[in-house]
Amino acid sequence: MKLMDIIINSAEKDNLITTYCFSCNIHIWPPNRYCNSCFKKTGFRKIDRKGVLLEKSFSNLPDLIGHYGVGDFSGIRLIGSVDPSILPNDRIRISQVSVKDNKLNLEFSKSKIKN
Amino acid sequence: MEIAIDSSNTQKFTKASDSTTADLASKSIIDLLGNTQIQKAEIDGLIVSSSTNDSYLGNIVSEMVGIRPKFSTRVENLCNSGTSGVMLAYSLIKSGLCKAVLVTGVEKQNSQGNKLTWDRSRGVYDMPIHWAALYAQNHFRSYGTTEEDLAIISLKNHANANKNINAYFYDKQFTYSSIVNSKMVVEPLKKFDCCYPCEGSSSLLVLSEELAKRTEIPIWIKGISQNNQGASFASISKNLGSIISTRIAARDAFQQSNLRPQNIDIVEIHDAFSILELLAYEDIGFVEKGQGRKFMQESTLYTNVRGGLLGCGHPIGATGIDQTNEIVLQLQGKGGLRQKKGCKSGLVHNMAAAGTSTTVIVLQK
Ligand SMILES: [Zn+2]
């Protein structure tokens, strides 16, 4: 099975994972069977749902209308819809994980932890 | 050994036609061969740059134009395909393997290269405009750049395209108001901040020093470099303030050429989205980071005289070749209606997929 299909199947069950190098202790995204630093085989690990919003915008494209942004979680960057009140550099959490048209569909909300 | 570009050809960029990818490439090569002092039999390399999935395209086109080269292949590097082809041709000649290499960039409008399906890390936000808009928002927030600044870039490039008969928007007149008031697609990028994917082909001939000296006005490749930072937006989005691949490729190309940004008279920049032109001013080194909007207002550098991707349209594999051809024509004094006076040194900047890959070429008369 393709790595991304495993991740999508897992996301359908609200479980957000990606590949992980247990030698370098890093998440790897997009997923990869080998760590591109040490070349050891990777496994899977949950992505920490707490992160920081790097940048945001507003899309007017059909089916995607609304605020979206890129956030840093566990050292990897993910894109998702964001709550309008969130600003770049705010602490955020991935509040919803789902799959739409076989693509990862994430929602970011403001983290309860203060900056 | 010095290496030069002699002849060039570009076919009009259009909507989808009945022509095949190979038809489009062949027509451009045939027209180029009708206008060069180099004989068809002397061509020992043929590279087709394209994001098509047509197999064996290099040899199909070679057969269609009656060339039996020592080396023939297709090069695919998304929007950076054309200039990747130029870099391969340069390397073949520099190594002594070939002496005259034709590079043809070609794309059909419905090319698979319009969508990077590999990069599923973008999730539902997989359209390129979503990463471009994040770069723009970052620049707006960090340096005070505005929608009006981007509209000025778009207006300039669309107006330049009105002097380029091959440009997709050659016949269409734009006003500042029509651009700045065009439909918002993804904030802050509007309809006319975005290039139009179209069909087209463009060719050039790269020559060894020995062959180049037989031609009328050879244009010398003084520096050529490329940098690749991965393939996914996730791999580069930690820093949305810069296109890192552009900074590295430009630094290397300038070093090879012994020239500096202030020595460049004319530049072709990859403006698939208006914000990318502004970022390129900074990342190539024409101006300090954050000063792109000021540079745009005050600089005398000729930028995207061809019309850019915004005015010409973007037939993926052909774009880098046509960009290079524009600098070649301008340095040769063959720019026609859009000829700029006194240009001695020019630069080509081409990139792909969220800025993960950039090629920079420095050319001189
Ligand atoms: Zn590792």
# chains A, B, ... in the order shown; residues from 1 in each chain; ligands from 1

$ residues_around --residues "Ile7 in chain A" --least-positions-apart "6" --cutoff "9 Å" --atoms "only C-alpha atoms" --output "VMD selection string"
chain A and resid 15 to 19 31 44 104

$ write_last_selection --atoms "N, CA, C and O atoms" --output "CSV table (one decimal), in the first residue's frame"
chain,number,residue,atom,x,y,z
A,15,ASN,N,-7.2,9.8,13.0
A,15,ASN,CA,-5.9,9.5,13.5
A,15,ASN,C,-4.8,10.1,12.5
A,15,ASN,O,-4.6,9.6,11.4
A,16,LEU,N,-4.2,11.2,12.9
A,16,LEU,CA,-3.3,11.9,12.0
A,16,LEU,C,-1.8,11.4,12.2
A,16,LEU,O,-1.2,11.7,13.2
A,17,ILE,N,-1.3,10.7,11.2
A,17,ILE,CA,0.0,10.2,11.3
A,17,ILE,C,0.8,10.5,10.1
A,17,ILE,O,0.3,10.9,9.0
A,18,THR,N,2.1,10.4,10.2
A,18,THR,CA,3.0,10.4,9.0
A,18,THR,C,4.2,9.6,9.4
A,18,THR,O,4.3,9.0,10.5
A,19,THR,N,5.2,9.5,8.4
A,19,THR,CA,6.3,8.6,8.7
A,19,THR,C,7.3,9.3,9.6
A,19,THR,O,7.3,10.6,9.8
A,31,PRO,N,5.3,11.8,3.2
A,31,PRO,CA,5.9,10.5,3.8
A,31,PRO,C,6.9,9.9,2.9
A,31,PRO,O,6.9,10.1,1.7
A,44,PHE,N,5.7,4.7,11.4
A,44,PHE,CA,4.6,5.7,11.4
A,44,PHE,C,4.6,6.2,12.9
A,44,PHE,O,4.8,5.5,13.8
A,104,LEU,N,-6.2,15.1,2.2
A,104,LEU,CA,-6.2,15.4,3.6
A,104,LEU,C,-6.9,16.7,3.8
A,104,LEU,O,-6.6,17.7,3.1

$ closest_atom_pairs --of "chain A" --to "chain B" --cutoff "9 Å" --atoms "only C-alpha atoms" --output "JSON lines"
{"residue": "A:Met4", "atom": "CA", "partner": "B:Arg120", "partner_atom": "CA", "distance": 7.9}
{"residue": "A:Trp29", "atom": "CA", "partner": "B:Ala234", "partner_atom": "CA", "distance": 7.1}
{"residue": "A:Pro30", "atom": "CA", "partner": "B:Ser121", "partner_atom": "CA", "distance": 5.5}
{"residue": "A:Pro31", "atom": "CA", "partner": "B:Ser121", "partner_atom": "CA", "distance": 8.5}
{"residue": "A:Leu54", "atom": "CA", "partner": "B:Lys238", "partner_atom": "CA", "distance": 7.7}
{"residue": "A:Glu55", "atom": "CA", "partner": "B:Leu134", "partner_atom": "CA", "distance": 6.2}
{"residue": "A:Lys56", "atom": "CA", "partner": "B:Leu134", "partner_atom": "CA", "distance": 6.3}
{"residue": "A:Ser57", "atom": "CA", "partner": "B:Glu187", "partner_atom": "CA", "distance": 5.8}
{"residue": "A:Phe58", "atom": "CA", "partner": "B:Glu187", "partner_atom": "CA", "distance": 5.3}
{"residue": "A:Ser59", "atom": "CA", "partner": "B:Val186", "partner_atom": "CA", "distance": 4.3}
{"residue": "A:Asn60", "atom": "CA", "partner": "B:Val185", "partner_atom": "CA", "distance": 5.3}
{"residue": "A:Leu61", "atom": "CA", "partner": "B:Val185", "partner_atom": "CA", "distance": 6.4}
{"residue": "A:Leu64", "atom": "CA", "partner": "B:Tyr125", "partner_atom": "CA", "distance": 7.8}
{"residue": "A:Tyr68", "atom": "CA", "partner": "B:Tyr125", "partner_atom": "CA", "distance": 8.5}
{"residue": "A:Gly69", "atom": "CA", "partner": "B:Leu134", "partner_atom": "CA", "distance": 7.6}
{"residue": "A:Val70", "atom": "CA", "partner": "B:Ser237", "partner_atom": "CA", "distance": 8.0}
{"residue": "A:Asp72", "atom": "CA", "partner": "B:Lys238", "partner_atom": "CA", "distance": 7.8}
{"residue": "A:Ile76", "atom": "CA", "partner": "B:Ala234", "partner_atom": "CA", "distance": 7.0}
{"residue": "A:Arg77", "atom": "CA", "partner": "B:Ala234", "partner_atom": "CA", "distance": 5.2}
{"residue": "A:Leu78", "atom": "CA", "partner": "B:Ala234", "partner_atom": "CA", "distance": 6.9}
{"residue": "A:Ile79", "atom": "CA", "partner": "B:Arg122", "partner_atom": "CA", "distance": 6.0}
{"residue": "A:Gly80", "atom": "CA", "partner": "B:Tyr125", "partner_atom": "CA", "distance": 7.7}
{"residue": "A:Val99", "atom": "CA", "partner": "B:Val124", "partner_atom": "CA", "distance": 8.6}
{"residue": "A:Lys100", "atom": "CA", "partner": "B:Val124", "partner_atom": "CA", "distance": 7.1}
{"residue": "A:Asp101", "atom": "CA", "partner": "B:Val124", "partner_atom": "CA", "distance": 8.0}
{"residue": "A:Asn102", "atom": "CA", "partner": "B:Val124", "partner_atom": "CA", "distance": 8.8}
{"residue": "A:Lys103", "atom": "CA", "partner": "B:Gly123", "partner_atom": "CA", "distance": 5.0}
{"residue": "A:Leu104", "atom": "CA", "partner": "B:Gly123", "partner_atom": "CA", "distance": 4.4}
{"residue": "A:Asn105", "atom": "CA", "partner": "B:Val124", "partner_atom": "CA", "distance": 5.8}
{"residue": "A:Leu106", "atom": "CA", "partner": "B:Gly123", "partner_atom": "CA", "distance": 8.0}

$ residues_near_ligand --ligand "ligand 1" --cutoff "9 Å" --atoms "only C-alpha atoms and all ligand atoms" --output "list in words"
Tyr20, Cys21, Phe22, Ser23, Cys24, Asn25, Ile26, Tyr34, Cys35, Asn36, Ser37, Cys38, Phe39, Lys40, Lys41 and Thr42 of chain A

$ residues_around --residues "range 72-88 of chain B" --least-positions-apart "6" --cutoff "6 Å" --atoms "only C-alpha atoms" --output "PDB file with all heavy atoms, in the first residue's frame"
ATOM      1  N   GLY B  45      22.763  17.326 -31.243  1.00  0.00           N
ATOM      2  CA  GLY B  45      21.985  17.110 -30.031  1.00  0.00           C
ATOM      3  C   GLY B  45      20.600  17.696 -30.178  1.00  0.00           C
ATOM      4  O   GLY B  45      20.439  18.761 -30.790  1.00  0.00           O
ATOM      5  N   LEU B  46      19.578  16.992 -29.694  1.00  0.00           N
ATOM      6  CA  LEU B  46      18.224  17.538 -29.733  1.00  0.00           C
ATOM      7  C   LEU B  46      17.517  17.223 -28.418  1.00  0.00           C
ATOM      8  O   LEU B  46      17.381  16.064 -28.031  1.00  0.00           O
ATOM      9  CB  LEU B  46      17.430  16.968 -30.911  1.00  0.00           C
ATOM     10  CG  LEU B  46      16.135  17.727 -31.220  1.00  0.00           C
ATOM     11  CD1 LEU B  46      15.798  17.668 -32.704  1.00  0.00           C
ATOM     12  CD2 LEU B  46      14.946  17.202 -30.418  1.00  0.00           C
ATOM     13  N   ILE B  47      17.121  18.284 -27.724  1.00  0.00           N
ATOM     14  CA  ILE B  47      16.459  18.134 -26.426  1.00  0.00           C
ATOM     15  C   ILE B  47      15.060  18.734 -26.526  1.00  0.00           C
ATOM     16  O   ILE B  47      14.905  19.868 -26.996  1.00  0.00           O
ATOM     17  CB  ILE B  47      17.259  18.870 -25.327  1.00  0.00           C
ATOM     18  CG1 ILE B  47      18.646  18.229 -25.172  1.00  0.00           C
ATOM     19  CG2 ILE B  47      16.512  18.861 -23.998  1.00  0.00           C
ATOM     20  CD1 ILE B  47      19.632  19.078 -24.404  1.00  0.00           C
ATOM     21  N   VAL B  48      14.068  17.979 -26.122  1.00  0.00           N
ATOM     22  CA  VAL B  48      12.700  18.500 -26.068  1.00  0.00           C
ATOM     23  C   VAL B  48      12.331  18.668 -24.598  1.00  0.00           C
ATOM     24  O   VAL B  48      12.335  17.703 -23.839  1.00  0.00           O
ATOM     25  CB  VAL B  48      11.702  17.562 -26.779  1.00  0.00           C
ATOM     26  CG1 VAL B  48      10.295  18.144 -26.707  1.00  0.00           C
ATOM     27  CG2 VAL B  48      12.107  17.347 -28.234  1.00  0.00           C
ATOM     28  N   SER B  49      12.049  19.906 -24.210  1.00  0.00           N
ATOM     29  CA  SER B  49      11.669  20.188 -22.825  1.00  0.00           C
ATOM     30  C   SER B  49      10.159  20.254 -22.736  1.00  0.00           C
ATOM     31  O   SER B  49       9.533  21.094 -23.395  1.00  0.00           O
ATOM     32  CB  SER B  49      12.253  21.528 -22.385  1.00  0.00           C
ATOM     33  OG  SER B  49      13.657  21.482 -22.408  1.00  0.00           O
ATOM     34  N   SER B  50       9.581  19.384 -21.927  1.00  0.00           N
ATOM     35  CA  SER B  50       8.122  19.356 -21.850  1.00  0.00           C
ATOM     36  C   SER B  50       7.653  18.566 -20.639  1.00  0.00           C
ATOM     37  O   SER B  50       8.324  17.639 -20.189  1.00  0.00           O
ATOM     38  CB  SER B  50       7.555  18.719 -23.124  1.00  0.00           C
ATOM     39  OG  SER B  50       6.150  18.708 -23.075  1.00  0.00           O
ATOM     40  N   SER B  51       6.470  18.926 -20.150  1.00  0.00           N
ATOM     41  CA  SER B  51       5.860  18.166 -19.053  1.00  0.00           C
ATOM     42  C   SER B  51       4.834  17.163 -19.570  1.00  0.00           C
ATOM     43  O   SER B  51       4.078  16.588 -18.799  1.00  0.00           O
ATOM     44  CB  SER B  51       5.190  19.111 -18.063  1.00  0.00           C
ATOM     45  OG  SER B  51       6.149  19.677 -17.231  1.00  0.00           O
ATOM     46  N   GLY B  58      11.924  13.009 -27.854  1.00  0.00           N
ATOM     47  CA  GLY B  58      13.149  13.514 -28.475  1.00  0.00           C
ATOM     48  C   GLY B  58      13.399  12.870 -29.819  1.00  0.00           C
ATOM     49  O   GLY B  58      13.696  13.547 -30.812  1.00  0.00           O
ATOM     50  N   GLY B 105      11.249  23.810 -26.388  1.00  0.00           N
ATOM     51  CA  GLY B 105      10.284  23.700 -25.290  1.00  0.00           C
ATOM     52  C   GLY B 105       8.894  23.650 -25.890  1.00  0.00           C
ATOM     53  O   GLY B 105       8.587  24.413 -26.814  1.00  0.00           O
ATOM     54  N   GLY B 113       1.433  18.634 -16.569  1.00  0.00           N
ATOM     55  CA  GLY B 113       2.331  19.469 -15.755  1.00  0.00           C
ATOM     56  C   GLY B 113       1.629  20.613 -15.059  1.00  0.00           C
ATOM     57  O   GLY B 113       2.213  21.273 -14.208  1.00  0.00           O
ATOM     58  N   ILE B 316       4.027  25.408 -20.292  1.00  0.00           N
ATOM     59  CA  ILE B 316       5.045  25.050 -19.288  1.00  0.00           C
ATOM     60  C   ILE B 316       6.468  24.841 -19.817  1.00  0.00           C
ATOM     61  O   ILE B 316       7.371  25.580 -19.475  1.00  0.00           O
ATOM     62  CB  ILE B 316       4.583  23.796 -18.507  1.00  0.00           C
ATOM     63  CG1 ILE B 316       3.198  24.079 -17.929  1.00  0.00           C
ATOM     64  CG2 ILE B 316       5.556  23.425 -17.399  1.00  0.00           C
ATOM     65  CD1 ILE B 316       2.531  22.864 -17.333  1.00  0.00           C
ATOM     66  N   GLY B 317       6.647  23.828 -20.674  1.00  0.00           N
ATOM     67  CA  GLY B 317       7.994  23.522 -21.154  1.00  0.00           C
ATOM     68  C   GLY B 317       8.560  24.585 -22.078  1.00  0.00           C
ATOM     69  O   GLY B 317       9.782  24.734 -22.209  1.00  0.00           O
ATOM     70  N   ALA B 318       7.701  25.344 -22.740  1.00  0.00           N
ATOM     71  CA  ALA B 318       8.163  26.357 -23.702  1.00  0.00           C
ATOM     72  C   ALA B 318       8.576  27.659 -23.016  1.00  0.00           C
ATOM     73  O   ALA B 318       9.361  28.438 -23.570  1.00  0.00           O
ATOM     74  CB  ALA B 318       7.063  26.637 -24.723  1.00  0.00           C
ATOM     75  N   GLY B 320      10.536  28.636 -20.435  1.00  0.00           N
ATOM     76  CA  GLY B 320      11.951  28.920 -20.175  1.00  0.00           C
ATOM     77  C   GLY B 320      12.740  29.177 -21.448  1.00  0.00           C
ATOM     78  O   GLY B 320      13.692  29.971 -21.456  1.00  0.00           O
ATOM     79  N   ILE B 321      12.340  28.511 -22.535  1.00  0.00           N
ATOM     80  CA  ILE B 321      13.030  28.725 -23.813  1.00  0.00           C
ATOM     81  C   ILE B 321      12.668  30.104 -24.365  1.00  0.00           C
ATOM     82  O   ILE B 321      13.543  30.852 -24.805  1.00  0.00           O
ATOM     83  CB  ILE B 321      12.644  27.635 -24.845  1.00  0.00           C
ATOM     84  CG1 ILE B 321      12.915  26.231 -24.298  1.00  0.00           C
ATOM     85  CG2 ILE B 321      13.384  27.862 -26.167  1.00  0.00           C
ATOM     86  CD1 ILE B 321      14.354  25.914 -24.016  1.00  0.00           C
ATOM     87  N   ASN B 350      14.026  31.343 -14.179  1.00  0.00           N
ATOM     88  CA  ASN B 350      12.883  30.454 -14.390  1.00  0.00           C
ATOM     89  C   ASN B 350      12.780  29.518 -13.193  1.00  0.00           C
ATOM     90  O   ASN B 350      13.796  29.095 -12.644  1.00  0.00           O
ATOM     91  CB  ASN B 350      13.080  29.653 -15.681  1.00  0.00           C
ATOM     92  CG  ASN B 350      11.830  28.912 -16.093  1.00  0.00           C
ATOM     93  OD1 ASN B 350      10.714  29.281 -15.718  1.00  0.00           O
ATOM     94  ND2 ASN B 350      11.995  27.858 -16.872  1.00  0.00           N
ATOM     95  N   MET B 351      11.575  29.204 -12.787  1.00  0.00           N
ATOM     96  CA  MET B 351      11.434  28.351 -11.600  1.00  0.00           C
ATOM     97  C   MET B 351      10.226  27.441 -11.692  1.00  0.00           C
ATOM     98  O   MET B 351       9.444  27.536 -12.628  1.00  0.00           O
ATOM     99  CB  MET B 351      11.392  29.200 -10.326  1.00  0.00           C
ATOM    100  CG  MET B 351      10.325  30.266 -10.323  1.00  0.00           C
ATOM    101  SD  MET B 351      10.212  31.046  -8.716  1.00  0.00           S
ATOM    102  CE  MET B 351       8.663  30.346  -8.177  1.00  0.00           C
ATOM    103  N   ALA B 352      10.096  26.555 -10.724  1.00  0.00           N
ATOM    104  CA  ALA B 352       9.006  25.584 -10.735  1.00  0.00           C
ATOM    105  C   ALA B 352       8.470  25.324  -9.342  1.00  0.00           C
ATOM    106  O   ALA B 352       9.170  25.531  -8.341  1.00  0.00           O
ATOM    107  CB  ALA B 352       9.494  24.258 -11.343  1.00  0.00           C
TER     108      ALA B 352
END

$ residues_around --residues "Gly335 in chain B" --least-positions-apart "5" --cutoff "12 Å" --atoms "only C-alpha atoms" --output "list in words"
Ser8, Lys163, Asn164, Ile165, Val305, Arg306, Asn325, Glu326, Ile327, Val328, Leu329, Gln330, Lys340, Lys341, Gly342 and Cys343 of chain B
